[in-house]
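Source file: coords27.tsv; contents: TSV, C-alpha atoms.
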```tsv
chain	number	residue	atom	x	y	z
A	1	MET	CA	73.25	117.05	88.26
A	2	VAL	CA	72.56	116.21	91.91
A	3	ASN	CA	72.74	119.00	94.46
A	4	ASP	CA	70.83	117.60	97.42
A	5	ALA	CA	72.89	114.55	98.38
A	6	THR	CA	73.83	113.65	101.94
A	7	ILE	CA	76.99	111.87	103.10
A	8	THR	CA	76.27	108.40	104.49
A	9	ASP	CA	79.64	106.69	105.04
A	10	VAL	CA	83.44	106.82	104.75
A	11	GLN	CA	85.53	103.76	103.90
A	12	THR	CA	89.25	103.17	103.34
A	13	CYS	CA	91.48	100.59	101.70
A	14	VAL	CA	95.29	100.53	101.70
A	15	VAL	CA	97.16	99.20	98.67
A	16	GLU	CA	100.78	98.04	98.84
A	17	GLY	CA	102.79	99.72	96.10
A	18	ASN	CA	106.26	101.18	96.35
A	19	PHE	CA	104.57	103.32	99.02
A	20	ASP	CA	101.37	102.73	101.01
A	21	TRP	CA	98.49	104.17	98.95
A	22	THR	CA	95.57	104.88	101.28
A	23	PHE	CA	92.36	105.21	99.29
A	24	VAL	CA	89.46	107.03	100.94
A	25	ARG	CA	85.90	106.80	99.66
A	26	VAL	CA	82.96	109.01	100.69
A	27	TYR	CA	79.44	107.67	100.07
A	28	THR	CA	76.12	109.50	99.65
A	29	ASP	CA	72.44	108.64	99.66
A	30	ALA	CA	72.35	109.65	95.98
A	31	GLY	CA	74.38	106.57	95.05
A	32	VAL	CA	77.33	108.77	94.02
A	33	THR	CA	80.74	108.31	95.66
A	34	GLY	CA	83.98	110.25	95.67
A	35	THR	CA	87.44	108.73	96.04
A	36	GLY	CA	90.61	110.37	97.30
A	37	GLU	CA	94.06	109.33	98.42
A	38	ALA	CA	96.24	109.97	101.44
A	39	ILE	CA	99.98	109.37	101.36
A	40	LEU	CA	102.84	109.04	103.86
A	41	GLY	CA	100.74	109.22	107.00
A	42	GLU	CA	101.01	106.37	109.50
A	43	ARG	CA	97.49	105.41	110.65
A	44	ALA	CA	95.99	107.70	107.99
A	45	ALA	CA	93.41	105.04	107.13
A	46	ASP	CA	92.28	104.71	110.77
A	47	ILE	CA	92.09	108.47	111.18
A	48	ALA	CA	90.14	108.89	107.94
A	49	ALA	CA	87.70	106.21	109.08
A	50	ASP	CA	87.18	108.20	112.29
A	51	ALA	CA	85.73	110.95	110.09
A	52	ALA	CA	82.61	108.93	109.22
A	53	PRO	CA	80.47	110.14	112.15
A	54	ILE	CA	81.69	113.70	111.59
A	55	LEU	CA	80.67	113.72	107.91
A	56	GLU	CA	77.52	111.61	108.02
A	57	GLY	CA	74.41	113.66	107.27
A	58	GLU	CA	76.43	116.56	105.82
A	59	ASP	CA	76.11	118.20	102.40
A	60	PRO	CA	79.13	116.98	100.38
A	61	LEU	CA	79.20	120.20	98.33
A	62	ASP	CA	80.38	122.17	101.37
A	63	VAL	CA	83.94	121.01	100.79
A	64	SER	CA	85.73	123.91	102.49
A	65	ARG	CA	83.50	123.91	105.57
A	66	LEU	CA	83.73	120.15	105.94
A	67	THR	CA	87.51	120.18	105.57
A	68	GLU	CA	87.86	122.86	108.24
A	69	THR	CA	85.51	120.86	110.48
A	70	LEU	CA	87.75	117.82	110.06
A	71	TYR	CA	90.81	119.81	111.14
A	72	ARG	CA	89.03	121.04	114.23
A	73	ARG	CA	87.59	117.66	115.17
A	74	LEU	CA	90.29	115.18	114.13
A	75	SER	CA	93.15	117.10	115.72
A	76	TYR	CA	92.07	115.51	119.00
A	77	THR	CA	92.18	111.88	117.82
A	78	GLY	CA	95.64	111.22	119.25
A	79	GLY	CA	97.38	110.83	115.89
A	80	ASN	CA	100.44	112.91	115.08
A	81	ALA	CA	99.89	116.10	113.11
A	82	GLY	CA	101.34	114.63	109.92
A	83	ALA	CA	99.07	111.58	109.99
A	84	VAL	CA	95.99	113.72	110.72
A	85	THR	CA	96.79	116.10	107.87
A	86	ALA	CA	97.47	113.23	105.47
A	87	ALA	CA	94.14	111.62	106.40
A	88	ILE	CA	92.28	114.88	105.89
A	89	SER	CA	94.09	115.32	102.57
A	90	GLY	CA	92.62	112.03	101.36
A	91	LEU	CA	89.16	112.98	102.62
A	92	GLU	CA	89.33	116.42	101.00
A	93	ILE	CA	90.37	114.96	97.65
A	94	ALA	CA	87.48	112.49	97.92
A	95	LEU	CA	85.09	115.38	98.61
A	96	PHE	CA	86.33	117.27	95.54
A	97	ASP	CA	85.87	114.13	93.45
A	98	LEU	CA	82.39	113.66	94.90
A	99	ALA	CA	81.36	117.31	94.48
A	100	GLY	CA	82.54	117.28	90.89
A	101	ARG	CA	80.57	114.12	90.14
A	102	LEU	CA	77.43	115.53	91.77
A	103	LEU	CA	77.70	118.83	89.89
A	104	GLU	CA	78.97	117.15	86.71
A	105	VAL	CA	82.09	119.33	86.51
A	106	PRO	CA	85.80	118.43	86.72
A	107	ALA	CA	87.64	119.07	89.99
A	108	HIS	CA	89.78	121.78	88.41
A	109	ARG	CA	86.62	123.86	87.83
A	110	LEU	CA	85.97	123.78	91.57
A	111	LEU	CA	89.53	125.05	92.09
A	112	GLY	CA	89.06	128.04	89.79
A	113	GLY	CA	89.59	126.49	86.36
A	114	LYS	CA	92.60	125.65	84.22
A	115	PHE	CA	95.67	127.63	83.26
A	116	ARG	CA	96.84	124.66	81.17
A	117	ASP	CA	95.36	121.58	79.55
A	118	ASP	CA	98.45	119.41	80.02
A	119	VAL	CA	100.55	119.08	83.15
A	120	ARG	CA	104.28	118.49	82.81
A	121	VAL	CA	105.56	115.45	84.69
A	122	TYR	CA	109.08	114.76	85.87
A	123	CYS	CA	110.22	111.19	86.50
A	124	ASP	CA	111.90	110.31	89.77
A	125	THR	CA	114.44	107.65	88.95
A	126	HIS	CA	117.37	105.87	90.52
A	127	ALA	CA	120.89	105.04	89.49
A	128	GLY	CA	121.22	101.34	89.07
A	129	ALA	CA	117.55	100.87	88.18
A	130	HIS	CA	118.68	99.27	84.93
A	131	LEU	CA	120.88	96.96	87.02
A	132	GLY	CA	117.96	95.64	89.06
A	133	ARG	CA	118.23	98.33	91.78
A	134	SER	CA	121.46	96.83	93.05
A	135	GLU	CA	122.73	98.09	96.37
A	136	ASP	CA	126.27	97.46	95.21
A	137	ASP	CA	128.50	100.53	95.02
A	138	ALA	CA	128.67	100.05	91.26
A	139	ALA	CA	125.03	101.12	91.08
A	140	PHE	CA	126.02	104.62	92.20
A	141	THR	CA	128.76	105.47	89.73
A	142	PRO	CA	128.39	108.60	87.57
A	143	GLU	CA	128.02	106.31	84.54
A	144	SER	CA	125.11	104.41	86.12
A	145	TYR	CA	123.31	107.70	86.77
A	146	ALA	CA	123.90	108.81	83.19
A	147	ALA	CA	122.66	105.48	81.81
A	148	ALA	CA	119.49	105.70	83.92
A	149	ALA	CA	118.93	109.26	82.68
A	150	GLU	CA	119.15	108.05	79.10
A	151	ASP	CA	116.51	105.43	79.87
A	152	VAL	CA	114.14	108.05	81.25
A	153	VAL	CA	114.49	110.25	78.18
A	154	ALA	CA	113.79	107.18	76.04
A	155	ASP	CA	110.57	106.74	78.02
A	156	GLY	CA	109.40	110.13	76.75
A	157	PHE	CA	110.21	112.41	79.69
A	158	ASP	CA	111.92	115.77	79.31
A	159	ALA	CA	112.32	116.23	83.07
A	160	MET	CA	113.62	113.94	85.81
A	161	LYS	CA	115.05	113.78	89.32
A	162	PHE	CA	117.75	111.67	90.94
A	163	ASP	CA	118.56	110.96	94.59
A	164	LEU	CA	121.94	112.57	95.07
A	165	ASP	CA	122.22	111.14	98.59
A	166	ALA	CA	121.68	107.52	97.51
A	167	ASP	CA	125.30	106.52	97.98
A	168	GLN	CA	125.24	107.82	101.57
A	169	GLN	CA	128.86	108.86	101.32
A	170	PHE	CA	129.77	110.63	104.52
A	171	GLU	CA	133.17	111.18	106.04
A	172	GLY	CA	133.01	109.35	109.37
A	173	ASP	CA	129.88	109.87	111.49
A	174	PRO	CA	126.73	109.64	109.32
A	175	TRP	CA	124.63	111.57	111.85
A	176	ASN	CA	126.42	114.91	111.89
A	177	ARG	CA	125.13	116.07	108.45
A	178	HIS	CA	128.69	116.85	107.35
A	179	LEU	CA	129.93	116.35	103.79
A	180	ALA	CA	133.67	116.01	103.34
A	181	PRO	CA	135.19	117.72	100.27
A	182	ARG	CA	135.72	114.38	98.51
A	183	ASN	CA	131.99	113.62	98.95
A	184	VAL	CA	131.05	116.95	97.41
A	185	GLN	CA	133.36	116.22	94.50
A	186	ASN	CA	131.81	112.78	94.00
A	187	LYS	CA	128.32	114.27	93.82
A	188	ALA	CA	129.48	116.96	91.41
A	189	GLU	CA	130.87	114.23	89.15
A	190	ILE	CA	127.47	112.49	89.18
A	191	VAL	CA	125.71	115.71	88.24
A	192	GLU	CA	128.23	116.40	85.49
A	193	ALA	CA	127.82	112.92	84.01
A	194	VAL	CA	124.01	113.13	83.92
A	195	LEU	CA	123.90	116.60	82.42
A	196	ASP	CA	126.57	115.79	79.86
A	197	ARG	CA	124.41	112.86	78.76
A	198	VAL	CA	120.89	114.38	78.72
A	199	GLY	CA	121.19	118.03	79.68
A	200	ASP	CA	120.30	119.21	76.18
A	201	ARG	CA	117.15	117.04	76.18
A	202	ALA	CA	115.82	117.21	79.72
A	203	ASP	CA	115.70	119.29	82.89
A	204	VAL	CA	117.36	117.39	85.74
A	205	ALA	CA	116.86	117.94	89.47
A	206	PHE	CA	118.68	116.25	92.35
A	207	ASP	CA	117.25	115.33	95.75
A	208	CYS	CA	119.21	115.24	99.02
A	209	HIS	CA	116.41	114.25	101.45
A	210	TRP	CA	117.43	116.78	104.15
A	211	GLU	CA	120.71	114.95	104.78
A	212	TYR	CA	123.12	117.87	105.17
A	213	GLY	CA	123.79	120.75	107.51
A	214	THR	CA	123.86	124.37	106.42
A	215	ASP	CA	127.59	124.58	105.68
A	216	SER	CA	127.70	121.26	103.80
A	217	ALA	CA	124.57	122.16	101.83
A	218	ILE	CA	126.09	125.49	100.79
A	219	ARG	CA	129.33	123.85	99.71
A	220	LEU	CA	127.44	121.24	97.71
A	221	ALA	CA	125.14	123.79	96.06
A	222	SER	CA	128.11	126.02	95.26
A	223	ALA	CA	129.99	123.11	93.67
A	224	LEU	CA	127.02	122.52	91.36
A	225	GLU	CA	126.77	126.12	90.14
A	226	GLU	CA	128.80	125.43	87.01
A	227	TYR	CA	126.21	122.87	85.89
A	228	ASP	CA	122.71	123.54	84.61
A	229	VAL	CA	120.89	121.94	87.55
A	230	TRP	CA	117.11	122.38	87.35
A	231	PHE	CA	116.88	122.48	91.15
A	232	LEU	CA	118.56	120.96	94.21
A	233	GLU	CA	115.87	119.53	96.47
A	234	ASP	CA	115.99	119.45	100.27
A	235	PRO	CA	119.74	119.82	100.85
A	236	ALA	CA	118.91	120.57	104.52
A	237	PRO	CA	115.83	120.34	106.76
A	238	PRO	CA	113.35	123.20	106.04
A	239	GLU	CA	111.43	123.46	109.33
A	240	ASN	CA	113.62	126.35	110.51
A	241	ALA	CA	113.23	128.70	107.53
A	242	ALA	CA	116.50	130.42	108.44
A	243	VAL	CA	118.39	127.35	107.23
A	244	PRO	CA	117.08	127.12	103.65
A	245	ALA	CA	117.11	130.93	103.50
A	246	GLU	CA	120.84	130.99	104.19
A	247	ILE	CA	121.49	128.24	101.65
A	248	THR	CA	119.34	129.86	98.96
A	249	SER	CA	120.94	133.26	99.41
A	250	ALA	CA	124.47	131.78	99.31
A	251	THR	CA	124.21	129.99	95.95
A	252	GLU	CA	123.04	130.41	92.39
A	253	THR	CA	121.92	126.77	92.28
A	254	PRO	CA	118.10	126.81	92.56
A	255	ILE	CA	116.95	125.39	95.90
A	256	CYS	CA	113.65	123.51	96.26
A	257	THR	CA	111.99	122.36	99.48
A	258	GLY	CA	108.63	121.80	101.16
A	259	GLU	CA	107.51	118.17	100.88
A	260	SER	CA	107.85	117.70	104.65
A	261	LEU	CA	105.73	120.76	105.49
A	262	TYR	CA	101.99	120.81	106.18
A	263	ARG	CA	99.22	123.25	105.26
A	264	ALA	CA	99.75	126.85	104.19
A	265	GLN	CA	100.82	127.75	107.71
A	266	GLY	CA	103.79	125.41	107.38
A	267	PHE	CA	104.95	127.24	104.25
A	268	ARG	CA	104.42	130.78	105.51
A	269	ASP	CA	107.90	131.50	106.86
A	270	LEU	CA	109.57	129.63	104.01
A	271	VAL	CA	107.79	131.76	101.43
A	272	THR	CA	107.75	135.14	103.16
A	273	ARG	CA	111.49	134.87	103.84
A	274	GLN	CA	111.98	133.81	100.20
A	275	ALA	CA	113.94	130.89	101.61
A	276	ALA	CA	113.59	128.72	98.49
A	277	ASP	CA	113.61	129.23	94.73
A	278	VAL	CA	110.94	126.54	94.29
A	279	VAL	CA	108.40	125.37	96.89
A	280	GLN	CA	107.17	121.79	96.83
A	281	PRO	CA	103.94	120.81	98.59
A	282	ASP	CA	102.59	117.25	98.37
A	283	PRO	CA	98.78	117.46	97.87
A	284	PRO	CA	97.76	114.01	99.21
A	285	LYS	CA	99.83	114.75	102.30
A	286	CYS	CA	100.00	118.50	102.98
A	287	GLY	CA	96.26	119.17	103.19
A	288	GLY	CA	94.65	118.34	99.85
A	289	LEU	CA	93.78	120.28	96.72
A	290	ARG	CA	92.40	123.48	98.23
A	291	GLU	CA	95.31	123.70	100.66
A	292	THR	CA	97.81	123.22	97.84
A	293	ARG	CA	96.07	126.01	95.93
A	294	ARG	CA	96.47	128.26	99.00
A	295	ILE	CA	100.20	127.41	99.21
A	296	ALA	CA	100.62	128.18	95.52
A	297	GLU	CA	98.81	131.51	95.92
A	298	LEU	CA	101.11	132.41	98.81
A	299	ALA	CA	104.16	131.52	96.73
A	300	GLU	CA	102.82	133.45	93.75
A	301	LEU	CA	102.81	136.66	95.81
A	302	TYR	CA	106.61	136.31	95.91
A	303	GLU	CA	106.97	135.10	92.30
A	304	ILE	CA	108.05	131.64	93.46
A	305	PRO	CA	107.12	128.63	91.28
A	306	VAL	CA	105.53	125.50	92.71
A	307	SER	CA	106.68	121.97	91.92
A	308	LEU	CA	104.40	119.26	93.32
A	309	HIS	CA	106.00	116.42	95.24
A	310	ASN	CA	104.09	113.20	94.60
A	311	VAL	CA	104.55	109.53	95.46
A	312	ALA	CA	100.88	108.62	95.04
A	313	SER	CA	99.02	106.07	92.97
A	314	PRO	CA	97.65	107.20	89.59
A	315	LEU	CA	94.45	108.36	91.31
A	316	GLY	CA	96.34	110.70	93.64
A	317	THR	CA	98.59	111.73	90.76
A	318	VAL	CA	95.61	112.78	88.64
A	319	ALA	CA	94.25	114.67	91.65
A	320	CYS	CA	97.57	116.52	91.75
A	321	ALA	CA	97.20	117.26	88.04
A	322	HIS	CA	93.88	119.02	88.68
A	323	VAL	CA	95.39	121.44	91.18
A	324	ALA	CA	98.52	121.82	89.03
A	325	ALA	CA	96.29	122.94	86.17
A	326	ALA	CA	94.67	125.52	88.44
A	327	CYS	CA	97.91	127.16	89.65
A	328	PRO	CA	99.54	129.77	87.38
A	329	ASN	CA	102.96	129.30	88.99
A	330	PHE	CA	103.03	125.52	88.58
A	331	LEU	CA	106.35	124.09	87.37
A	332	ALA	CA	106.12	120.28	87.27
A	333	LEU	CA	104.55	117.23	88.94
A	334	GLU	CA	106.57	114.30	90.25
A	335	TYR	CA	105.99	110.71	89.09
A	336	HIS	CA	107.55	108.19	91.47
A	337	ALA	CA	106.45	104.73	90.30
A	338	ARG	CA	108.53	103.95	87.23
A	339	ASP	CA	109.42	100.56	88.69
A	340	VAL	CA	105.80	99.56	89.47
A	341	ASP	CA	104.60	97.95	86.26
A	342	TRP	CA	100.96	97.73	87.42
A	343	TRP	CA	100.74	101.35	88.62
A	344	GLY	CA	98.51	102.57	85.80
A	345	ASP	CA	96.29	99.49	86.04
A	346	LEU	CA	94.76	100.95	89.21
A	347	VAL	CA	92.80	103.42	87.05
A	348	GLY	CA	92.57	101.39	83.86
A	349	GLY	CA	95.66	102.82	82.18
A	350	ASN	CA	98.67	105.04	82.83
A	351	PRO	CA	97.52	108.70	82.74
A	352	ILE	CA	101.05	109.84	81.81
A	353	ASP	CA	101.65	110.08	78.08
A	354	ASP	CA	104.94	111.33	76.63
A	355	GLY	CA	105.95	113.06	79.85
A	356	SER	CA	102.68	114.83	80.64
A	357	ILE	CA	99.14	114.30	81.91
A	358	HIS	CA	96.19	115.61	79.94
A	359	VAL	CA	93.95	117.05	82.66
A	360	PRO	CA	90.59	115.25	82.62
A	361	ASP	CA	87.44	117.25	81.89
A	362	GLU	CA	85.13	114.46	83.07
A	363	PRO	CA	83.27	115.01	86.38
A	364	GLY	CA	85.31	114.90	89.59
A	365	LEU	CA	88.85	113.63	89.19
A	366	GLY	CA	87.89	112.00	85.90
A	367	VAL	CA	89.37	108.60	86.80
A	368	ASP	CA	87.96	105.55	88.58
A	369	LEU	CA	89.70	102.88	90.62
A	370	ASP	CA	89.73	99.39	89.15
A	371	LEU	CA	88.59	97.50	92.23
A	372	ASP	CA	89.88	94.19	90.87
A	373	VAL	CA	93.41	95.64	90.81
A	374	VAL	CA	92.86	97.17	94.26
A	375	ALA	CA	91.78	93.78	95.56
A	376	GLU	CA	94.84	92.11	94.06
A	377	HIS	CA	97.32	94.50	95.67
A	378	ARG	CA	95.62	95.51	98.93
A	379	TYR	CA	97.34	94.69	102.20
A	380	ALA	CA	96.31	91.48	103.93
A	381	GLY	CA	93.32	92.18	106.12
A	382	GLU	CA	92.21	95.26	104.20
A	383	THR	CA	88.52	95.29	103.32
A	384	LEU	CA	87.52	96.19	99.78
A	385	PHE	CA	85.12	99.11	99.34
A	386	ASP	CA	81.39	98.45	99.33
A	387	GLU	CA	79.50	99.10	96.10
A	388	ALA	CA	77.95	102.56	95.87
```
Kindly transcribe the structure held in the file into structure tokens.
Amino acid sequence: MVNDATITDVQTCVVEGNFDWTFVRVYTDAGVTGTGEAILGERAADIAADAAPILEGEDPLDVSRLTETLYRRLSYTGGNAGAVTAAISGLEIALFDLAGRLLEVPAHRLLGGKFRDDVRVYCDTHAGAHLGRSEDDAAFTPESYAAAAEDVVADGFDAMKFDLDADQQFEGDPWNRHLAPRNVQNKAEIVEAVLDRVGDRADVAFDCHWEYGTDSAIRLASALEEYDVWFLEDPAPPENAAVPAEITSATETPICTGESLYRAQGFRDLVTRQAADVVQPDPPKCGGLRETRRIAELAELYEIPVSLHNVASPLGTVACAHVAAACPNFLALEYHARDVDWWGDLVGGNPIDDGSIHVPDEPGLGVDLDLDVVAEHRYAGETLFDEA
């Protein structure tokens, strides 16, 4: 165990997957490093690199103090709030990995310990995936959704999610967030086909990506009440909590939202107004592991479960699993890389087995990046990490 290390450097490297995976590494004079990941933050790598002079010379075990320092100092870097928070998320995850390695304890111990040894994973999938992700209308028939659902169950998952807005079927103007009745009926037919096929073997959620206005979202959610939908995600934008609150109170279909919100402050009105049946923070984006734990604690006060949004690499996904294990009201963790056949290679093997992740008990996050795979898939011009 090392408890007198000092931070010496911060480095980043961005890998091109189905999303940009921004890896952040924090170095110490003890020769021990910690690695985290930031997601969905433009310029997150540049902003994280700006943290080097802020963190140099600091004690890496002071994770909370250092994270708060980063918020106070990096907020003035000129980046948008989302990019700054994503960058700090990656840095905070790296600090938890580093602290765990220095203290020789897993990250979940630093978050309060485990409620569960295995974290349930749901697979984000797409209609038409078995057709080569065709953009042809045939890829979005109810039958194509049902066939894709069957494939996911065959892969060992008992939970999944589909994009219900993938066909982009609007009546007329696509900008007015209005769903015509025939569009609602089409989406109900998709839901019916999927649940008829796998509903007795899997929980199935459907994502709308904030596409619809309040009235259209209510009509859609109401049309799905006769089906056993696990949850309907982001039928309308959540920033004004009055909108999801009205939708949630108007329907028996469970409503989930939150991936576009940041830090516990961003979830406060959503939770205190009980504006969603499930809240969905994204740890490598919304503020990191500690911040996700705070959001989950807030939701727990209102008996609201937490489902973790996640489009990260396997390193960020395992980081999510650590905080998922530490939250009593955790529901499920998203996996969004079914089509990336080298995804698991980044950490020497896919951490998902039969629809779940066994939470590592090794120090820190319990996984290490394979730098050869990082080098193979990094963006042109990205510099590989230095050795510890």
Problem - Shell of 6 Å around stretch 194-199 of chain A, only C-alpha atoms, local chain residues under 3 positions omitted, as an MDAnalysis selection string - result: chainID A and resid 146 191 202
Find the residues of stretch 96-133 of chain A that sit at most 9 Å from stretch 149-156 of chain A; for each, write down the nearest two atoms and how far apart they are in Å, to one decimal. Count only C-alpha atoms. Sort by chain, then by number going up, and give it as a tab-separated table.
```
residue	atom	partner	partner_atom	distance
A:Cys123	CA	A:Val152	CA	7.3
A:Thr125	CA	A:Val152	CA	7.7
A:His126	CA	A:Ala149	CA	8.7
A:Ala127	CA	A:Ala149	CA	8.2
A:His130	CA	A:Asp151	CA	8.3
```
Could you name the residues that touch A:Arg263 at 10 Å or less, counting only C-alpha atoms, but leaving out those on the same chain fewer than 4 positions away, as a compact mmCIF listing (two decimals) with C-alpha atoms, in the coordinates of the input?
```txt
# COMPACT_ATOMS: atom_id res chain seq x y z
CA THR A 85 96.79 116.10 107.87
CA SER A 89 94.09 115.32 102.57
CA PHE A 267 104.95 127.24 104.25
CA ARG A 268 104.42 130.78 105.51
CA PRO A 281 103.94 120.81 98.59
CA ASP A 282 102.59 117.25 98.37
CA PRO A 283 98.78 117.46 97.87
CA LYS A 285 99.83 114.75 102.30
CA CYS A 286 100.00 118.50 102.98
CA GLY A 287 96.26 119.17 103.19
CA GLY A 288 94.65 118.34 99.85
CA ARG A 290 92.40 123.48 98.23
CA GLU A 291 95.31 123.70 100.66
CA THR A 292 97.81 123.22 97.84
CA ARG A 294 96.47 128.26 99.00
CA ILE A 295 100.20 127.41 99.21
```
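In this structure, atom CA of A:Arg219 sits 20.9 Å away from atom CA of A:Phe140.
Checking A:Leu91, A:Asn18, A:Pro238, A:His108 one by one against A:Asp50, counting all atoms listed in the file, you find the shortest gap at A:Leu91.
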Handout entry: Shell of 7 Å around A:Gly316, only C-alpha atoms, local chain residues under 3 positions omitted, as a PyMOL selection string
Key = chain A and resi 36-37+284+312-313+319-320
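Ranking A:Ala275, A:Cys327, A:Leu315, A:Leu95 by their shortest atom-to-atom distance to A:Ala296, with all atoms listed in the file included, puts A:Cys327 first.
Going from atom CA of A:Gly258 over to atom CA of A:Thr22, you cover 21.4 Å.
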Problem - Residue contacts of stretch 355-359 of chain A (10 Å, all atoms listed in the file) excluding same-chain residues fewer than 3 positions away, as a VMD selection string - result: chain A and resid 106 to 108 114 116 to 123 152 to 153 155 to 160 317 to 325 332 to 333 335 350 to 352 362 365 to 366
Problem - Given only C-alpha atoms as the counted atoms, nearest of A:Asp269, A:Asp277, A:Glu192, A:Asp354 to A:Glu239 - result: A:Asp269
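One distance worth recording is that between atom CA of A:Asp4 and atom CA of A:Leu371, which is 27.3 Å.
With distances taken over only C-alpha atoms, A:Val15 is the one residue among A:Ala86, A:Ala38, A:Ala299, A:Val15 lying closest to A:Val374.
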Exercise for the section: Go through A:Val63, A:Ala48, A:Ala99, A:Ala94 one by one, measure the shortest atom-to-atom distance of each to A:Ser75 using only C-alpha atoms, and give the residue with the smallest value. Expected result: A:Ala48
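Taking all atoms listed in the file into account, A:Leu40 lies nearest to A:Gly90 out of the set A:Pro237, A:Gly90, A:Gly57, A:Gly100.
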If we count all atoms listed in the file, what is near A:Glu56 at a cut-off of 12 Å, once residues fewer than 4 positions away on the same chain are taken out, given as a CSV table (one decimal) with C-alpha atoms, in the coordinates of the input?
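Saved result, around_19.csv, follows:
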```csv
chain,number,residue,atom,x,y,z
A,5,ALA,CA,72.9,114.6,98.4
A,6,THR,CA,73.8,113.6,101.9
A,7,ILE,CA,77.0,111.9,103.1
A,8,THR,CA,76.3,108.4,104.5
A,9,ASP,CA,79.6,106.7,105.0
A,10,VAL,CA,83.4,106.8,104.8
A,11,GLN,CA,85.5,103.8,103.9
A,26,VAL,CA,83.0,109.0,100.7
A,27,TYR,CA,79.4,107.7,100.1
A,28,THR,CA,76.1,109.5,99.6
A,29,ASP,CA,72.4,108.6,99.7
A,49,ALA,CA,87.7,106.2,109.1
A,50,ASP,CA,87.2,108.2,112.3
A,51,ALA,CA,85.7,111.0,110.1
A,52,ALA,CA,82.6,108.9,109.2
A,60,PRO,CA,79.1,117.0,100.4
A,66,LEU,CA,83.7,120.2,105.9
```
